[in-house]
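Asker: As input, take upload34.cif (mmCIF, N, CA and C atoms):
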```cif
data_query
#
loop_
_atom_site.group_PDB
_atom_site.id
_atom_site.type_symbol
_atom_site.label_atom_id
_atom_site.label_comp_id
_atom_site.auth_asym_id
_atom_site.auth_seq_id
_atom_site.Cartn_x
_atom_site.Cartn_y
_atom_site.Cartn_z
ATOM 1 N N MET A 17 -45.888 45.855 -1.567
ATOM 2 C CA MET A 17 -47.160 46.507 -1.358
ATOM 3 C C MET A 17 -48.160 45.568 -0.678
ATOM 4 N N LYS A 18 -48.111 44.268 -1.000
ATOM 5 C CA LYS A 18 -49.023 43.317 -0.381
ATOM 6 C C LYS A 18 -48.811 43.236 1.124
ATOM 7 N N HIS A 19 -47.546 43.375 1.569
ATOM 8 C CA HIS A 19 -47.250 43.322 3.010
ATOM 9 C C HIS A 19 -47.890 44.501 3.744
ATOM 10 N N VAL A 20 -47.881 45.661 3.111
ATOM 11 C CA VAL A 20 -48.479 46.853 3.711
ATOM 12 C C VAL A 20 -49.989 46.655 3.862
ATOM 13 N N ILE A 21 -50.632 46.102 2.845
ATOM 14 C CA ILE A 21 -52.078 45.865 2.911
ATOM 15 C C ILE A 21 -52.407 44.851 4.002
ATOM 16 N N VAL A 22 -51.626 43.782 4.111
ATOM 17 C CA VAL A 22 -51.851 42.772 5.143
ATOM 18 C C VAL A 22 -51.673 43.375 6.526
ATOM 19 N N ILE A 23 -50.653 44.211 6.702
ATOM 20 C CA ILE A 23 -50.420 44.853 8.005
ATOM 21 C C ILE A 23 -51.594 45.761 8.361
ATOM 22 N N PHE A 24 -52.067 46.567 7.411
ATOM 23 C CA PHE A 24 -53.198 47.449 7.693
ATOM 24 C C PHE A 24 -54.479 46.665 7.958
ATOM 25 N N ALA A 25 -54.689 45.565 7.260
ATOM 26 C CA ALA A 25 -55.859 44.719 7.502
ATOM 27 C C ALA A 25 -55.800 44.109 8.897
ATOM 28 N N ALA A 26 -54.623 43.623 9.296
ATOM 29 C CA ALA A 26 -54.460 43.053 10.633
ATOM 30 C C ALA A 26 -54.678 44.120 11.704
ATOM 31 N N LEU A 27 -54.167 45.321 11.460
ATOM 32 C CA LEU A 27 -54.353 46.421 12.403
ATOM 33 C C LEU A 27 -55.831 46.790 12.526
ATOM 34 N N ALA A 28 -56.558 46.794 11.409
ATOM 35 C CA ALA A 28 -57.996 47.115 11.446
ATOM 36 C C ALA A 28 -58.763 46.073 12.246
ATOM 37 N N VAL A 29 -58.429 44.798 12.078
ATOM 38 C CA VAL A 29 -59.092 43.733 12.845
ATOM 39 C C VAL A 29 -58.781 43.879 14.322
ATOM 40 N N PHE A 30 -57.515 44.151 14.663
ATOM 41 C CA PHE A 30 -57.122 44.331 16.056
ATOM 42 C C PHE A 30 -57.886 45.492 16.683
ATOM 43 N N CYS A 31 -57.982 46.606 15.975
ATOM 44 C CA CYS A 31 -58.695 47.774 16.513
ATOM 45 C C CYS A 31 -60.185 47.482 16.699
ATOM 46 N N ALA A 32 -60.783 46.726 15.797
ATOM 47 C CA ALA A 32 -62.204 46.384 15.927
ATOM 48 C C ALA A 32 -62.438 45.506 17.142
ATOM 49 N N VAL A 33 -61.559 44.527 17.379
ATOM 50 C CA VAL A 33 -61.685 43.659 18.553
ATOM 51 C C VAL A 33 -61.453 44.464 19.815
ATOM 52 N N LYS A 34 -60.458 45.340 19.823
ATOM 53 C CA LYS A 34 -60.159 46.169 20.991
ATOM 54 C C LYS A 34 -61.352 47.062 21.340
ATOM 55 N N ALA A 35 -62.010 47.631 20.330
ATOM 56 C CA ALA A 35 -63.145 48.529 20.582
ATOM 57 C C ALA A 35 -64.287 47.799 21.273
ATOM 58 N N GLN A 36 -64.482 46.514 20.982
ATOM 59 C CA GLN A 36 -65.548 45.756 21.617
ATOM 60 C C GLN A 36 -65.255 45.508 23.096
ATOM 61 N N ASP A 37 -63.992 45.476 23.485
ATOM 62 C CA ASP A 37 -63.615 45.218 24.863
ATOM 63 C C ASP A 37 -63.647 46.462 25.746
ATOM 64 N N GLU A 38 -63.806 47.636 25.163
ATOM 65 C CA GLU A 38 -63.787 48.869 25.936
ATOM 66 C C GLU A 38 -65.005 48.948 26.846
ATOM 67 N N VAL A 39 -64.805 49.505 28.020
ATOM 68 C CA VAL A 39 -65.871 49.666 29.003
ATOM 69 C C VAL A 39 -66.742 50.852 28.595
ATOM 70 N N GLN A 40 -68.042 50.657 28.662
ATOM 71 C CA GLN A 40 -69.001 51.704 28.309
ATOM 72 C C GLN A 40 -69.753 52.164 29.549
ATOM 73 N N VAL A 41 -70.161 53.404 29.567
ATOM 74 C CA VAL A 41 -70.998 53.939 30.639
ATOM 75 C C VAL A 41 -72.444 53.602 30.308
ATOM 76 N N ILE A 42 -73.093 52.860 31.224
ATOM 77 C CA ILE A 42 -74.490 52.461 31.027
ATOM 78 C C ILE A 42 -75.436 53.559 31.501
ATOM 79 N N SER A 43 -75.125 54.124 32.670
ATOM 80 C CA SER A 43 -75.959 55.206 33.200
ATOM 81 C C SER A 43 -75.089 56.201 33.950
ATOM 82 N N PHE A 44 -75.520 57.459 33.962
ATOM 83 C CA PHE A 44 -74.786 58.514 34.652
ATOM 84 C C PHE A 44 -75.766 59.599 35.056
ATOM 85 N N ASN A 45 -75.726 59.977 36.323
ATOM 86 C CA ASN A 45 -76.531 61.088 36.846
ATOM 87 C C ASN A 45 -75.616 61.990 37.659
ATOM 88 N N ASN A 46 -75.824 63.312 37.553
ATOM 89 C CA ASN A 46 -74.994 64.259 38.288
ATOM 90 C C ASN A 46 -75.816 65.504 38.592
ATOM 91 N N ASP A 47 -75.932 65.841 39.867
ATOM 92 C CA ASP A 47 -76.653 67.044 40.301
ATOM 93 C C ASP A 47 -75.760 67.843 41.237
ATOM 94 N N ASN A 48 -75.550 69.118 40.912
ATOM 95 C CA ASN A 48 -74.818 70.048 41.773
ATOM 96 C C ASN A 48 -75.754 71.178 42.136
ATOM 97 N N ASN A 49 -75.877 71.454 43.426
ATOM 98 C CA ASN A 49 -76.829 72.449 43.891
ATOM 99 C C ASN A 49 -76.110 73.695 44.403
ATOM 100 N N VAL A 50 -76.820 74.826 44.404
ATOM 101 C CA VAL A 50 -76.222 76.102 44.801
ATOM 102 C C VAL A 50 -75.846 76.132 46.276
ATOM 103 N N ASP A 51 -76.436 75.260 47.098
ATOM 104 C CA ASP A 51 -76.110 75.232 48.530
ATOM 105 C C ASP A 51 -74.843 74.420 48.829
ATOM 106 N N GLY A 52 -74.174 73.927 47.768
ATOM 107 C CA GLY A 52 -72.951 73.154 47.960
ATOM 108 C C GLY A 52 -73.173 71.652 48.000
ATOM 109 N N SER A 53 -74.424 71.217 48.032
ATOM 110 C CA SER A 53 -74.690 69.779 48.046
ATOM 111 C C SER A 53 -74.614 69.231 46.624
ATOM 112 N N TYR A 54 -74.394 67.934 46.539
ATOM 113 C CA TYR A 54 -74.309 67.301 45.236
ATOM 114 C C TYR A 54 -74.647 65.824 45.365
ATOM 115 N N GLN A 55 -74.897 65.206 44.236
ATOM 116 C CA GLN A 55 -75.035 63.750 44.180
ATOM 117 C C GLN A 55 -74.739 63.303 42.761
ATOM 118 N N PHE A 56 -74.130 62.134 42.661
ATOM 119 C CA PHE A 56 -73.884 61.552 41.351
ATOM 120 C C PHE A 56 -73.901 60.039 41.454
ATOM 121 N N ALA A 57 -74.105 59.409 40.320
ATOM 122 C CA ALA A 57 -74.106 57.946 40.254
ATOM 123 C C ALA A 57 -73.783 57.545 38.826
ATOM 124 N N TYR A 58 -73.080 56.422 38.698
ATOM 125 C CA TYR A 58 -72.861 55.861 37.374
ATOM 126 C C TYR A 58 -72.725 54.350 37.455
ATOM 127 N N GLU A 59 -72.950 53.705 36.318
ATOM 128 C CA GLU A 59 -72.749 52.269 36.187
ATOM 129 C C GLU A 59 -72.065 52.018 34.854
ATOM 130 N N GLN A 60 -71.096 51.100 34.847
ATOM 131 C CA GLN A 60 -70.340 50.786 33.643
ATOM 132 C C GLN A 60 -70.675 49.381 33.148
ATOM 133 N N SER A 61 -70.366 49.120 31.900
ATOM 134 C CA SER A 61 -70.680 47.832 31.296
ATOM 135 C C SER A 61 -69.898 46.678 31.913
ATOM 136 N N ASP A 62 -68.806 46.969 32.621
ATOM 137 C CA ASP A 62 -68.039 45.903 33.283
ATOM 138 C C ASP A 62 -68.542 45.612 34.690
ATOM 139 N N GLY A 63 -69.665 46.226 35.083
ATOM 140 C CA GLY A 63 -70.264 45.956 36.379
ATOM 141 C C GLY A 63 -69.867 46.919 37.484
ATOM 142 N N GLN A 64 -68.902 47.776 37.227
ATOM 143 C CA GLN A 64 -68.530 48.752 38.253
ATOM 144 C C GLN A 64 -69.661 49.758 38.427
ATOM 145 N N LYS A 65 -69.895 50.126 39.694
ATOM 146 C CA LYS A 65 -70.942 51.095 40.029
ATOM 147 C C LYS A 65 -70.393 52.047 41.077
ATOM 148 N N ARG A 66 -70.885 53.272 41.073
ATOM 149 C CA ARG A 66 -70.529 54.214 42.128
ATOM 150 C C ARG A 66 -71.665 55.198 42.302
ATOM 151 N N GLU A 67 -71.920 55.553 43.562
ATOM 152 C CA GLU A 67 -72.870 56.617 43.864
ATOM 153 C C GLU A 67 -72.351 57.380 45.074
ATOM 154 N N GLU A 68 -72.612 58.678 45.076
ATOM 155 C CA GLU A 68 -72.116 59.514 46.176
ATOM 156 C C GLU A 68 -73.031 60.710 46.353
ATOM 157 N N LYS A 69 -73.165 61.127 47.609
ATOM 158 C CA LYS A 69 -73.971 62.286 47.959
ATOM 159 C C LYS A 69 -73.175 63.108 48.968
ATOM 160 N N GLY A 70 -73.136 64.414 48.784
ATOM 161 C CA GLY A 70 -72.420 65.280 49.711
ATOM 162 C C GLY A 70 -73.239 66.499 50.064
ATOM 163 N N GLU A 71 -73.057 66.957 51.305
ATOM 164 C CA GLU A 71 -73.750 68.162 51.750
ATOM 165 C C GLU A 71 -72.944 68.831 52.850
ATOM 166 N N LEU A 72 -73.126 70.133 52.980
ATOM 167 C CA LEU A 72 -72.476 70.879 54.052
ATOM 168 C C LEU A 72 -73.313 70.767 55.310
ATOM 169 N N LYS A 73 -72.657 70.415 56.414
ATOM 170 C CA LYS A 73 -73.352 70.274 57.695
ATOM 171 C C LYS A 73 -72.650 71.115 58.753
ATOM 172 N N PRO A 74 -73.427 71.668 59.686
ATOM 173 C CA PRO A 74 -72.801 72.441 60.760
ATOM 174 C C PRO A 74 -71.954 71.541 61.661
ATOM 175 N N VAL A 75 -70.868 72.112 62.155
ATOM 176 C CA VAL A 75 -69.975 71.380 63.048
ATOM 177 C C VAL A 75 -69.999 72.077 64.409
ATOM 178 N N GLU A 76 -70.247 71.290 65.443
ATOM 179 C CA GLU A 76 -70.291 71.843 66.794
ATOM 180 C C GLU A 76 -68.943 72.473 67.150
ATOM 181 N N GLY A 77 -68.986 73.713 67.618
ATOM 182 C CA GLY A 77 -67.776 74.412 68.021
ATOM 183 C C GLY A 77 -67.030 75.090 66.890
ATOM 184 N N SER A 78 -67.634 75.149 65.709
ATOM 185 C CA SER A 78 -66.975 75.777 64.562
ATOM 186 C C SER A 78 -67.952 76.687 63.843
ATOM 187 N N ASP A 79 -67.423 77.772 63.309
ATOM 188 C CA ASP A 79 -68.260 78.689 62.533
ATOM 189 C C ASP A 79 -68.436 78.212 61.100
ATOM 190 N N GLU A 80 -67.562 77.324 60.670
ATOM 191 C CA GLU A 80 -67.582 76.834 59.295
ATOM 192 C C GLU A 80 -68.244 75.459 59.219
ATOM 193 N N PRO A 81 -69.072 75.247 58.215
ATOM 194 C CA PRO A 81 -69.652 73.908 58.035
ATOM 195 C C PRO A 81 -68.604 72.943 57.473
ATOM 196 N N ALA A 82 -68.871 71.669 57.581
ATOM 197 C CA ALA A 82 -67.991 70.637 57.040
ATOM 198 C C ALA A 82 -68.747 69.865 55.962
ATOM 199 N N LEU A 83 -67.998 69.389 54.994
ATOM 200 C CA LEU A 83 -68.599 68.569 53.951
ATOM 201 C C LEU A 83 -68.782 67.153 54.480
ATOM 202 N N SER A 84 -69.987 66.636 54.392
ATOM 203 C CA SER A 84 -70.294 65.270 54.791
ATOM 204 C C SER A 84 -70.655 64.487 53.535
ATOM 205 N N VAL A 85 -69.936 63.397 53.300
ATOM 206 C CA VAL A 85 -70.108 62.616 52.080
ATOM 207 C C VAL A 85 -70.473 61.184 52.445
ATOM 208 N N THR A 86 -71.470 60.642 51.769
ATOM 209 C CA THR A 86 -71.804 59.223 51.888
ATOM 210 C C THR A 86 -71.837 58.649 50.478
ATOM 211 N N GLY A 87 -71.467 57.383 50.378
ATOM 212 C CA GLY A 87 -71.492 56.790 49.058
ATOM 213 C C GLY A 87 -71.146 55.321 49.076
ATOM 214 N N SER A 88 -71.062 54.765 47.882
ATOM 215 C CA SER A 88 -70.695 53.366 47.739
ATOM 216 C C SER A 88 -70.147 53.140 46.346
ATOM 217 N N TYR A 89 -69.393 52.054 46.220
ATOM 218 C CA TYR A 89 -68.963 51.603 44.908
ATOM 219 C C TYR A 89 -68.840 50.095 44.921
ATOM 220 N N GLU A 90 -68.985 49.501 43.733
ATOM 221 C CA GLU A 90 -68.895 48.049 43.569
ATOM 222 C C GLU A 90 -67.892 47.749 42.471
ATOM 223 N N TYR A 91 -67.158 46.665 42.668
ATOM 224 C CA TYR A 91 -66.196 46.247 41.661
ATOM 225 C C TYR A 91 -65.926 44.758 41.787
ATOM 226 N N THR A 92 -65.279 44.191 40.780
ATOM 227 C CA THR A 92 -64.885 42.789 40.760
ATOM 228 C C THR A 92 -63.363 42.728 40.746
ATOM 229 N N ASP A 93 -62.772 41.949 41.657
ATOM 230 C CA ASP A 93 -61.311 41.844 41.682
ATOM 231 C C ASP A 93 -60.813 40.893 40.598
ATOM 232 N N SER A 94 -59.505 40.735 40.504
ATOM 233 C CA SER A 94 -58.912 39.925 39.434
ATOM 234 C C SER A 94 -59.250 38.437 39.555
ATOM 235 N N ASN A 95 -59.727 38.004 40.713
ATOM 236 C CA ASN A 95 -60.134 36.612 40.906
ATOM 237 C C ASN A 95 -61.626 36.396 40.665
ATOM 238 N N GLY A 96 -62.331 37.443 40.299
ATOM 239 C CA GLY A 96 -63.756 37.327 40.027
ATOM 240 C C GLY A 96 -64.648 37.580 41.239
ATOM 241 N N GLN A 97 -64.064 37.903 42.392
ATOM 242 C CA GLN A 97 -64.849 38.191 43.598
ATOM 243 C C GLN A 97 -65.422 39.604 43.505
ATOM 244 N N ARG A 98 -66.711 39.731 43.760
ATOM 245 C CA ARG A 98 -67.403 41.018 43.706
ATOM 246 C C ARG A 98 -67.413 41.637 45.107
ATOM 247 N N TYR A 99 -67.201 42.959 45.193
ATOM 248 C CA TYR A 99 -67.180 43.689 46.456
ATOM 249 C C TYR A 99 -68.046 44.938 46.351
ATOM 250 N N ARG A 100 -68.556 45.340 47.508
ATOM 251 C CA ARG A 100 -69.244 46.629 47.652
ATOM 252 C C ARG A 100 -68.595 47.356 48.821
ATOM 253 N N VAL A 101 -68.257 48.607 48.614
ATOM 254 C CA VAL A 101 -67.692 49.446 49.661
ATOM 255 C C VAL A 101 -68.674 50.580 49.923
ATOM 256 N N ASP A 102 -69.204 50.651 51.141
ATOM 257 C CA ASP A 102 -70.033 51.766 51.585
ATOM 258 C C ASP A 102 -69.157 52.651 52.446
ATOM 259 N N TYR A 103 -69.298 53.955 52.321
ATOM 260 C CA TYR A 103 -68.418 54.842 53.084
ATOM 261 C C TYR A 103 -69.113 56.119 53.525
ATOM 262 N N VAL A 104 -68.547 56.685 54.582
ATOM 263 C CA VAL A 104 -68.903 58.004 55.076
ATOM 264 C C VAL A 104 -67.592 58.761 55.228
ATOM 265 N N ALA A 105 -67.564 59.994 54.783
ATOM 266 C CA ALA A 105 -66.391 60.850 54.952
ATOM 267 C C ALA A 105 -66.889 62.206 55.438
ATOM 268 N N ASP A 106 -66.395 62.610 56.605
ATOM 269 C CA ASP A 106 -66.816 63.884 57.181
ATOM 270 C C ASP A 106 -65.714 64.400 58.092
ATOM 271 N N GLU A 107 -66.059 65.295 58.996
ATOM 272 C CA GLU A 107 -65.047 65.882 59.892
ATOM 273 C C GLU A 107 -64.397 64.838 60.800
ATOM 274 N N ARG A 108 -64.990 63.653 60.890
ATOM 275 C CA ARG A 108 -64.412 62.578 61.725
ATOM 276 C C ARG A 108 -63.556 61.609 60.909
ATOM 277 N N GLY A 109 -63.411 61.848 59.592
ATOM 278 C CA GLY A 109 -62.557 61.019 58.763
ATOM 279 C C GLY A 109 -63.334 60.170 57.778
ATOM 280 N N TYR A 110 -62.594 59.276 57.134
ATOM 281 C CA TYR A 110 -63.146 58.361 56.128
ATOM 282 C C TYR A 110 -63.403 57.022 56.794
ATOM 283 N N ARG A 111 -64.655 56.529 56.697
ATOM 284 C CA ARG A 111 -65.030 55.279 57.380
ATOM 285 C C ARG A 111 -65.707 54.334 56.382
ATOM 286 N N PRO A 112 -64.924 53.435 55.784
ATOM 287 C CA PRO A 112 -65.501 52.481 54.827
ATOM 288 C C PRO A 112 -65.947 51.192 55.480
ATOM 289 N N THR A 113 -66.900 50.532 54.866
ATOM 290 C CA THR A 113 -67.334 49.179 55.237
ATOM 291 C C THR A 113 -67.327 48.352 53.955
ATOM 292 N N VAL A 114 -66.573 47.257 53.944
ATOM 293 C CA VAL A 114 -66.436 46.426 52.753
ATOM 294 C C VAL A 114 -67.260 45.158 52.913
ATOM 295 N N THR A 115 -68.028 44.809 51.895
ATOM 296 C CA THR A 115 -68.858 43.611 51.898
ATOM 297 C C THR A 115 -68.568 42.787 50.652
ATOM 298 N N LYS A 116 -68.348 41.479 50.841
ATOM 299 C CA LYS A 116 -68.241 40.579 49.694
ATOM 300 C C LYS A 116 -69.648 40.285 49.199
ATOM 301 N N LEU A 117 -69.829 40.319 47.905
ATOM 302 C CA LEU A 117 -71.156 40.056 47.335
ATOM 303 C C LEU A 117 -71.235 38.652 46.782
#
```
As a first step, turn the structure in this file into structure tokens.
Answerer:
Amino acid sequence: MKHVIVIFAALAVFCAVKAQDEVQVISFNNDNNVDGSYQFAYEQSDGQKREEKGELKPVEGSDEPALSVTGSYEYTDSNGQRYRVDYVADERGYRPTVTKL
């Protein structure tokens, strides 16, 4: 019986330490509009960030609008280097720009 108690105590300590390492959402915003446009942003406790905005825009020579998206995200790689990626995605494709921070 003592072995069972020790195992459960060790498991409880492990779970408590694991819970402290979990990534938390620091901020989050999300807006969806009836015209099809939207925007959202969030930041996490590990430093990751993302923001994006999208809207329907007319396309020359087409009866249908296209979704135009702009945004960015930031992250840290496994070596500790921080990056920011800014991007545009529309009828001309996905066009990212990467910057070391």
Asker: For the PyMOL selection byres (((chain A and resi 57 and name CA) around 7) and name CA), applied here, can you spell out every residue it catches as JSON, numbers by chain?
Answerer: {"A": [44, 45, 46, 56, 58, 66, 67, 68]}
Asker: Quote the spacing between atom CA of A:Pro112 and atom N of A:Thr92 in Å to one decimal place.
Answerer: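 So the answer is 16.3 Å.
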Asker: Quick one: residues within 12 Å of A:Gly109, only C-alpha atoms counted, chain neighbours fewer than 2 positions away excluded, as a count of residues only?
Answerer: 12
Asker: Hey, what comes out of the PyMOL selection byres (((chain A and resi 39 and name CA) around 8) and name CA) on this file? Could you write it as a PyMOL selection string?
Answerer: chain A and resi 37-38+40-41+60-62
Asker: What gap, in Å, lies between atom CA of A:Lys69 and atom CA of A:Gly96?
Answerer: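 Computed distance, atom CA of A:Lys69 to atom CA of A:Gly96, equals 28.1 Å.
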Asker: For the file shown, report as a list in words the outcome of the PyMOL selection byres (((chain A and resi 115 and name CA) around 7) and name CA) at residue level.
Answerer: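 For this structure, the PyMOL selection byres (((chain A and resi 115 and name CA) around 7) and name CA) captures Tyr99, Arg100, Val101, Thr113, Val114, Lys116 and Leu117 of chain A.
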Asker: To one decimal in Å, tell me the separation between atom C of A:Gly70 and atom CA of A:Gln55.
Answerer: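 Between atom C of A:Gly70 and atom CA of A:Gln55 the gap works out to 6.7 Å.
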Asker: Working from the structure I just supplied, which lacks atoms in stretch 89-99 of chain A, can you model all heavy atoms there and output them as a short mmCIF file (atom, residue, chain, number, x, y, z; two decimals), in the frame of the given file?
Answerer:
```cif
data_model
loop_
_atom_site.label_atom_id
_atom_site.label_comp_id
_atom_site.auth_asym_id
_atom_site.auth_seq_id
_atom_site.Cartn_x
_atom_site.Cartn_y
_atom_site.Cartn_z
N TYR A 89 -69.39 52.05 46.22
CA TYR A 89 -68.96 51.60 44.91
C TYR A 89 -68.84 50.10 44.92
O TYR A 89 -68.67 49.48 45.96
CB TYR A 89 -67.67 52.27 44.44
CG TYR A 89 -66.48 52.11 45.35
CD1 TYR A 89 -65.57 51.06 45.16
CD2 TYR A 89 -66.22 53.02 46.37
CE1 TYR A 89 -64.46 50.91 45.99
CE2 TYR A 89 -65.12 52.89 47.18
CZ TYR A 89 -64.24 51.84 46.98
OH TYR A 89 -63.15 51.70 47.80
N GLU A 90 -68.98 49.50 43.73
CA GLU A 90 -68.90 48.05 43.57
C GLU A 90 -67.89 47.75 42.47
O GLU A 90 -67.80 48.49 41.49
CB GLU A 90 -70.25 47.46 43.17
CG GLU A 90 -71.30 47.57 44.24
CD GLU A 90 -72.62 46.91 43.84
OE1 GLU A 90 -72.61 46.06 42.91
OE2 GLU A 90 -73.63 47.23 44.46
N TYR A 91 -67.16 46.66 42.67
CA TYR A 91 -66.20 46.25 41.66
C TYR A 91 -65.93 44.76 41.79
O TYR A 91 -66.28 44.13 42.78
CB TYR A 91 -64.88 47.03 41.80
CG TYR A 91 -64.12 46.71 43.06
CD1 TYR A 91 -63.08 45.78 43.04
CD2 TYR A 91 -64.43 47.32 44.26
CE1 TYR A 91 -62.39 45.47 44.20
CE2 TYR A 91 -63.74 47.02 45.41
CZ TYR A 91 -62.72 46.10 45.38
OH TYR A 91 -62.04 45.80 46.53
N THR A 92 -65.28 44.19 40.78
CA THR A 92 -64.89 42.79 40.76
C THR A 92 -63.36 42.73 40.75
O THR A 92 -62.73 43.40 39.91
CB THR A 92 -65.43 42.08 39.51
OG1 THR A 92 -66.86 42.25 39.49
CG2 THR A 92 -65.10 40.60 39.52
N ASP A 93 -62.77 41.95 41.66
CA ASP A 93 -61.31 41.84 41.68
C ASP A 93 -60.81 40.89 40.60
O ASP A 93 -61.60 40.30 39.85
CB ASP A 93 -60.80 41.46 43.07
CG ASP A 93 -61.09 40.02 43.47
OD1 ASP A 93 -61.55 39.22 42.63
OD2 ASP A 93 -60.85 39.69 44.66
N SER A 94 -59.50 40.74 40.50
CA SER A 94 -58.91 39.92 39.43
C SER A 94 -59.25 38.44 39.56
O SER A 94 -59.10 37.69 38.59
CB SER A 94 -57.40 40.12 39.42
OG SER A 94 -56.85 39.72 40.66
N ASN A 95 -59.73 38.00 40.71
CA ASN A 95 -60.13 36.61 40.91
C ASN A 95 -61.63 36.40 40.66
O ASN A 95 -62.14 35.29 40.87
CB ASN A 95 -59.78 36.14 42.32
CG ASN A 95 -58.29 36.13 42.55
OD1 ASN A 95 -57.52 35.78 41.66
ND2 ASN A 95 -57.88 36.53 43.74
N GLY A 96 -62.33 37.44 40.30
CA GLY A 96 -63.76 37.33 40.03
C GLY A 96 -64.65 37.58 41.24
O GLY A 96 -65.87 37.48 41.13
N GLN A 97 -64.06 37.90 42.39
CA GLN A 97 -64.85 38.19 43.60
C GLN A 97 -65.42 39.60 43.50
O GLN A 97 -64.71 40.55 43.21
CB GLN A 97 -63.99 38.07 44.85
CG GLN A 97 -64.71 38.43 46.15
CD GLN A 97 -65.88 37.51 46.46
OE1 GLN A 97 -65.73 36.30 46.50
NE2 GLN A 97 -67.05 38.09 46.67
N ARG A 98 -66.71 39.73 43.76
CA ARG A 98 -67.40 41.02 43.71
C ARG A 98 -67.41 41.64 45.11
O ARG A 98 -67.62 40.94 46.10
CB ARG A 98 -68.83 40.77 43.23
CG ARG A 98 -69.57 41.97 42.91
CD ARG A 98 -69.72 42.09 41.39
NE ARG A 98 -70.45 43.30 41.13
CZ ARG A 98 -69.91 44.35 40.56
NH1 ARG A 98 -68.70 44.32 40.12
NH2 ARG A 98 -70.61 45.44 40.39
N TYR A 99 -67.20 42.96 45.19
CA TYR A 99 -67.18 43.69 46.46
C TYR A 99 -68.05 44.94 46.35
O TYR A 99 -68.22 45.50 45.28
CB TYR A 99 -65.76 44.14 46.81
CG TYR A 99 -64.83 43.03 47.15
CD1 TYR A 99 -64.04 42.44 46.17
CD2 TYR A 99 -64.73 42.54 48.45
CE1 TYR A 99 -63.17 41.41 46.47
CE2 TYR A 99 -63.86 41.51 48.76
CZ TYR A 99 -63.09 40.95 47.77
OH TYR A 99 -62.23 39.92 48.07
#
```
